[in-house]
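I have placed the structure first, in the form of C-alpha cells, so that the comments after it can refer back to it.
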Amino acid sequence: MNINKTLLALTVFIASVPSTSLLAATPMSHVEVQLLNSSVLSIAPNNISARLCDGCEIEQVKITSNTRFQEKNSVVDFQTALELFLKRKYEYLSLGINRNDRSADYIIIGGFDELAADPNNPENQSQVEK
C-alpha cells in the first residue's frame with residue numbers, strides 16, 4: 001500500500017511541475033498549436049515569433065524551404081501568408097512544429113476547415129440528377 005501512495009504522490013508531483021516551454025512539455029516530435037493572431041508577434045522569411053501558450057515565453061520557430069503556408073485549405077506562398085497575417089483577416093492560425101529542429105512544418109492562416117475538406121460531407125458533393 002505504501003508503494004502505491006508513493007507512486008501516486010510522485011505522479012501528482014510530476015504533473016504539477018510547471019514547464020517553461022510548451023514544446024518542452026510535449027512528448028511528441030510533431031505538434032500543432034492553435035494560436036490567436038494576437039499571440040504571434042512576427043512572421044519573417046526565416047522564423048515566426050509567438051507566445052505558444054498563456055504565460056509562455058516568446059519562442060522562435062524556424063521557417064524553412066519545407067514550411068507549407070495555407071489560407072484555410074488553400075496553399076499560398078510566403079508573401080500571401082504574410083499579407084493575410086498583417087491584415088489580421090483571421091482571428092486564429094495553426095502552427096505545425098517539428099520539435100526535433102524547432103522548425104515550422106506548416107502555418108495555416110485562418111485554421112484548417114475540416115468540413116470543407118471532407119469528401120463525405122454532403123455540402124461538398126455534386127448534385128446527382130434523379
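Note on naming: chains are A, B, ... as they come in the C-alpha cells, residues start from 1 per chain, ligands start from 1 in the order shown.
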Item to check | Ser39 in chain A surroundings by only C-alpha atoms, 12 Å radius, close-in-sequence under 6 positions cut, as a VMD selection string | outcome: chain A and resid 33 48 to 59 85 88 91 to 95
Mind dumping the selected residues with all heavy atoms as a short mmCIF file (atom, residue, chain, number, x, y, z; two decimals), in the first residue's frame?
```cif
data_model
loop_
_atom_site.label_atom_id
_atom_site.label_comp_id
_atom_site.auth_asym_id
_atom_site.auth_seq_id
_atom_site.Cartn_x
_atom_site.Cartn_y
_atom_site.Cartn_z
N VAL A 33 -0.13 23.72 -32.85
CA VAL A 33 -0.58 24.69 -31.86
C VAL A 33 -1.56 25.63 -32.53
O VAL A 33 -1.28 26.16 -33.61
CB VAL A 33 0.63 25.49 -31.29
CG1 VAL A 33 0.19 26.44 -30.21
CG2 VAL A 33 1.70 24.55 -30.77
N ILE A 48 9.12 32.52 -37.21
CA ILE A 48 7.88 33.07 -36.67
C ILE A 48 8.10 33.21 -35.16
O ILE A 48 8.63 32.29 -34.52
CB ILE A 48 6.66 32.19 -37.01
CG1 ILE A 48 5.38 32.76 -36.41
CG2 ILE A 48 6.87 30.74 -36.60
CD1 ILE A 48 4.11 32.07 -36.91
N SER A 49 7.76 34.36 -34.62
CA SER A 49 7.90 34.61 -33.18
C SER A 49 6.50 34.62 -32.58
O SER A 49 5.64 35.37 -33.03
CB SER A 49 8.55 35.96 -32.92
OG SER A 49 9.85 35.99 -33.45
N ALA A 50 6.30 33.77 -31.58
CA ALA A 50 4.96 33.66 -31.00
C ALA A 50 5.03 33.21 -29.54
O ALA A 50 5.99 32.59 -29.12
CB ALA A 50 4.13 32.67 -31.80
N ARG A 51 3.98 33.54 -28.84
CA ARG A 51 3.77 33.04 -27.47
C ARG A 51 2.86 31.83 -27.64
O ARG A 51 1.69 31.96 -27.98
CB ARG A 51 3.12 34.13 -26.63
CG ARG A 51 3.19 33.90 -25.16
CD ARG A 51 2.66 35.10 -24.38
NE ARG A 51 3.29 36.37 -24.70
CZ ARG A 51 4.44 36.82 -24.17
NH1 ARG A 51 5.09 36.08 -23.33
NH2 ARG A 51 4.92 37.99 -24.51
N LEU A 52 3.42 30.62 -27.45
CA LEU A 52 2.71 29.39 -27.76
C LEU A 52 1.66 29.00 -26.73
O LEU A 52 0.85 28.10 -26.99
CB LEU A 52 3.70 28.25 -27.96
CG LEU A 52 4.75 28.48 -29.07
CD1 LEU A 52 5.67 27.28 -29.18
CD2 LEU A 52 4.09 28.78 -30.40
N CYS A 53 1.66 29.64 -25.57
CA CYS A 53 0.62 29.40 -24.57
C CYS A 53 0.56 30.60 -23.64
O CYS A 53 1.50 31.41 -23.60
CB CYS A 53 0.88 28.11 -23.79
SG CYS A 53 2.35 28.17 -22.74
N ASP A 54 -0.54 30.73 -22.91
CA ASP A 54 -0.65 31.81 -21.93
C ASP A 54 0.46 31.65 -20.90
O ASP A 54 0.65 30.56 -20.37
CB ASP A 54 -2.01 31.79 -21.23
CG ASP A 54 -3.15 32.17 -22.15
OD1 ASP A 54 -2.88 32.80 -23.18
OD2 ASP A 54 -4.30 31.83 -21.83
N GLY A 55 1.19 32.70 -20.65
CA GLY A 55 2.26 32.64 -19.66
C GLY A 55 3.58 32.11 -20.19
O GLY A 55 4.57 32.11 -19.47
N CYS A 56 3.61 31.63 -21.43
CA CYS A 56 4.86 31.12 -22.01
C CYS A 56 5.73 32.28 -22.48
O CYS A 56 5.23 33.35 -22.82
CB CYS A 56 4.58 30.23 -23.22
SG CYS A 56 3.91 28.61 -22.82
N GLU A 57 7.02 32.02 -22.51
CA GLU A 57 7.96 32.97 -23.09
C GLU A 57 7.73 33.02 -24.60
O GLU A 57 7.20 32.09 -25.19
CB GLU A 57 9.40 32.53 -22.81
CG GLU A 57 9.76 32.49 -21.34
CD GLU A 57 9.84 33.89 -20.73
OE1 GLU A 57 10.32 34.80 -21.41
OE2 GLU A 57 9.41 34.04 -19.57
N ILE A 58 8.18 34.09 -25.23
CA ILE A 58 8.11 34.19 -26.69
C ILE A 58 9.10 33.19 -27.27
O ILE A 58 10.24 33.09 -26.81
CB ILE A 58 8.45 35.61 -27.16
CG1 ILE A 58 7.40 36.58 -26.64
CG2 ILE A 58 8.56 35.68 -28.68
CD1 ILE A 58 7.76 38.04 -26.79
N GLU A 59 8.66 32.41 -28.25
CA GLU A 59 9.51 31.39 -28.85
C GLU A 59 9.70 31.70 -30.33
O GLU A 59 8.83 32.25 -30.99
CB GLU A 59 8.88 30.01 -28.70
CG GLU A 59 8.66 29.67 -27.24
CD GLU A 59 8.83 28.22 -26.94
OE1 GLU A 59 9.56 27.53 -27.67
OE2 GLU A 59 8.23 27.77 -25.96
N PHE A 85 -1.64 37.61 -42.59
CA PHE A 85 -1.34 37.80 -41.17
C PHE A 85 -1.37 39.28 -40.80
O PHE A 85 -1.98 39.68 -39.81
CB PHE A 85 0.03 37.20 -40.83
CG PHE A 85 0.54 37.61 -39.48
CD1 PHE A 85 -0.04 37.10 -38.33
CD2 PHE A 85 1.58 38.51 -39.37
CE1 PHE A 85 0.42 37.49 -37.08
CE2 PHE A 85 2.05 38.90 -38.13
CZ PHE A 85 1.47 38.40 -36.98
N ARG A 88 -4.68 40.88 -40.49
CA ARG A 88 -5.45 40.33 -39.36
C ARG A 88 -6.86 39.94 -39.79
O ARG A 88 -7.84 40.16 -39.09
CB ARG A 88 -5.49 41.29 -38.18
CG ARG A 88 -4.15 41.76 -37.69
CD ARG A 88 -3.47 40.74 -36.87
NE ARG A 88 -2.19 41.28 -36.37
CZ ARG A 88 -1.40 40.63 -35.58
NH1 ARG A 88 -1.71 39.43 -35.18
NH2 ARG A 88 -0.27 41.15 -35.18
N GLU A 91 -8.82 35.42 -37.06
CA GLU A 91 -8.52 35.51 -35.63
C GLU A 91 -7.48 34.47 -35.20
O GLU A 91 -6.74 34.68 -34.25
CB GLU A 91 -9.81 35.32 -34.83
CG GLU A 91 -9.66 35.55 -33.36
CD GLU A 91 -10.98 35.45 -32.62
OE1 GLU A 91 -12.04 35.26 -33.25
OE2 GLU A 91 -10.95 35.57 -31.39
N TYR A 92 -7.45 33.32 -35.89
CA TYR A 92 -6.58 32.22 -35.49
C TYR A 92 -5.62 31.82 -36.60
O TYR A 92 -5.88 32.05 -37.77
CB TYR A 92 -7.41 30.98 -35.14
CG TYR A 92 -8.30 31.17 -33.95
CD1 TYR A 92 -9.63 31.56 -34.10
CD2 TYR A 92 -7.82 30.96 -32.67
CE1 TYR A 92 -10.45 31.74 -33.01
CE2 TYR A 92 -8.63 31.14 -31.57
CZ TYR A 92 -9.94 31.52 -31.74
OH TYR A 92 -10.75 31.71 -30.66
N LEU A 93 -4.54 31.14 -36.18
CA LEU A 93 -3.70 30.44 -37.13
C LEU A 93 -3.23 29.14 -36.47
O LEU A 93 -3.19 29.03 -35.25
CB LEU A 93 -2.54 31.28 -37.65
CG LEU A 93 -1.44 31.76 -36.72
CD1 LEU A 93 -0.36 30.72 -36.57
CD2 LEU A 93 -0.82 33.00 -37.34
N SER A 94 -2.94 28.15 -37.30
CA SER A 94 -2.43 26.87 -36.83
C SER A 94 -0.96 26.80 -37.20
O SER A 94 -0.58 27.11 -38.32
CB SER A 94 -3.17 25.71 -37.49
OG SER A 94 -4.55 25.76 -37.19
N LEU A 95 -0.15 26.38 -36.23
CA LEU A 95 1.28 26.27 -36.44
C LEU A 95 1.70 24.83 -36.17
O LEU A 95 1.55 24.34 -35.05
CB LEU A 95 2.01 27.23 -35.49
CG LEU A 95 3.53 27.22 -35.48
CD1 LEU A 95 4.09 27.56 -36.85
CD2 LEU A 95 4.05 28.19 -34.42
#
```
Checklist entry - In range 51-105 of chain A, what's strand (DSSP E or B) per DSSP? Answer as a list in words? => result Arg51, Ile58, Glu59, Gln60, Val61, Lys62, Arg68, Phe69, Gln70, Glu71, Ser74, Val75, Val76, Tyr92, Leu93, Ser94, Leu95, Gly96, Ile97, Asn98, Ser103, Ala104 and Asp105 of chain A
Deliver the residues from the most recent selection as a file, using C-alpha atoms, as a PDB file, in the first residue's frame.
```pdb
ATOM      1  CA  ARG A  51       3.774  33.044 -27.475  1.00  0.00           C
ATOM      2  CA  ILE A  58       8.112  34.187 -26.694  1.00  0.00           C
ATOM      3  CA  GLU A  59       9.507  31.392 -28.854  1.00  0.00           C
ATOM      4  CA  GLN A  60      11.206  31.471 -32.249  1.00  0.00           C
ATOM      5  CA  VAL A  61      10.227  28.709 -34.683  1.00  0.00           C
ATOM      6  CA  LYS A  62      12.298  28.424 -37.862  1.00  0.00           C
ATOM      7  CA  ARG A  68       3.950  24.961 -46.124  1.00  0.00           C
ATOM      8  CA  PHE A  69       1.766  28.079 -45.982  1.00  0.00           C
ATOM      9  CA  GLN A  70      -2.019  27.944 -46.300  1.00  0.00           C
ATOM     10  CA  GLU A  71      -5.028  30.211 -46.128  1.00  0.00           C
ATOM     11  CA  SER A  74      -5.617  26.533 -49.950  1.00  0.00           C
ATOM     12  CA  VAL A  75      -1.848  26.530 -50.333  1.00  0.00           C
ATOM     13  CA  VAL A  76      -0.385  30.042 -50.654  1.00  0.00           C
ATOM     14  CA  TYR A  92      -6.575  32.224 -35.491  1.00  0.00           C
ATOM     15  CA  LEU A  93      -3.705  30.435 -37.134  1.00  0.00           C
ATOM     16  CA  SER A  94      -2.432  26.873 -36.831  1.00  0.00           C
ATOM     17  CA  LEU A  95       1.278  26.270 -36.437  1.00  0.00           C
ATOM     18  CA  GLY A  96       2.699  22.799 -37.056  1.00  0.00           C
ATOM     19  CA  ILE A  97       6.037  22.424 -35.292  1.00  0.00           C
ATOM     20  CA  ASN A  98       8.796  19.845 -35.724  1.00  0.00           C
ATOM     21  CA  SER A 103      11.044  24.327 -37.426  1.00  0.00           C
ATOM     22  CA  ALA A 104       7.573  25.047 -38.777  1.00  0.00           C
ATOM     23  CA  ASP A 105       6.061  22.187 -40.782  1.00  0.00           C
TER      24      ASP A 105
END
```
Checklist entry - For the atom pair CA of Arg102 in chain A and CA of Leu82 in chain A, what is the interatomic distance in Å to one decimal place? => result 20.0 Å
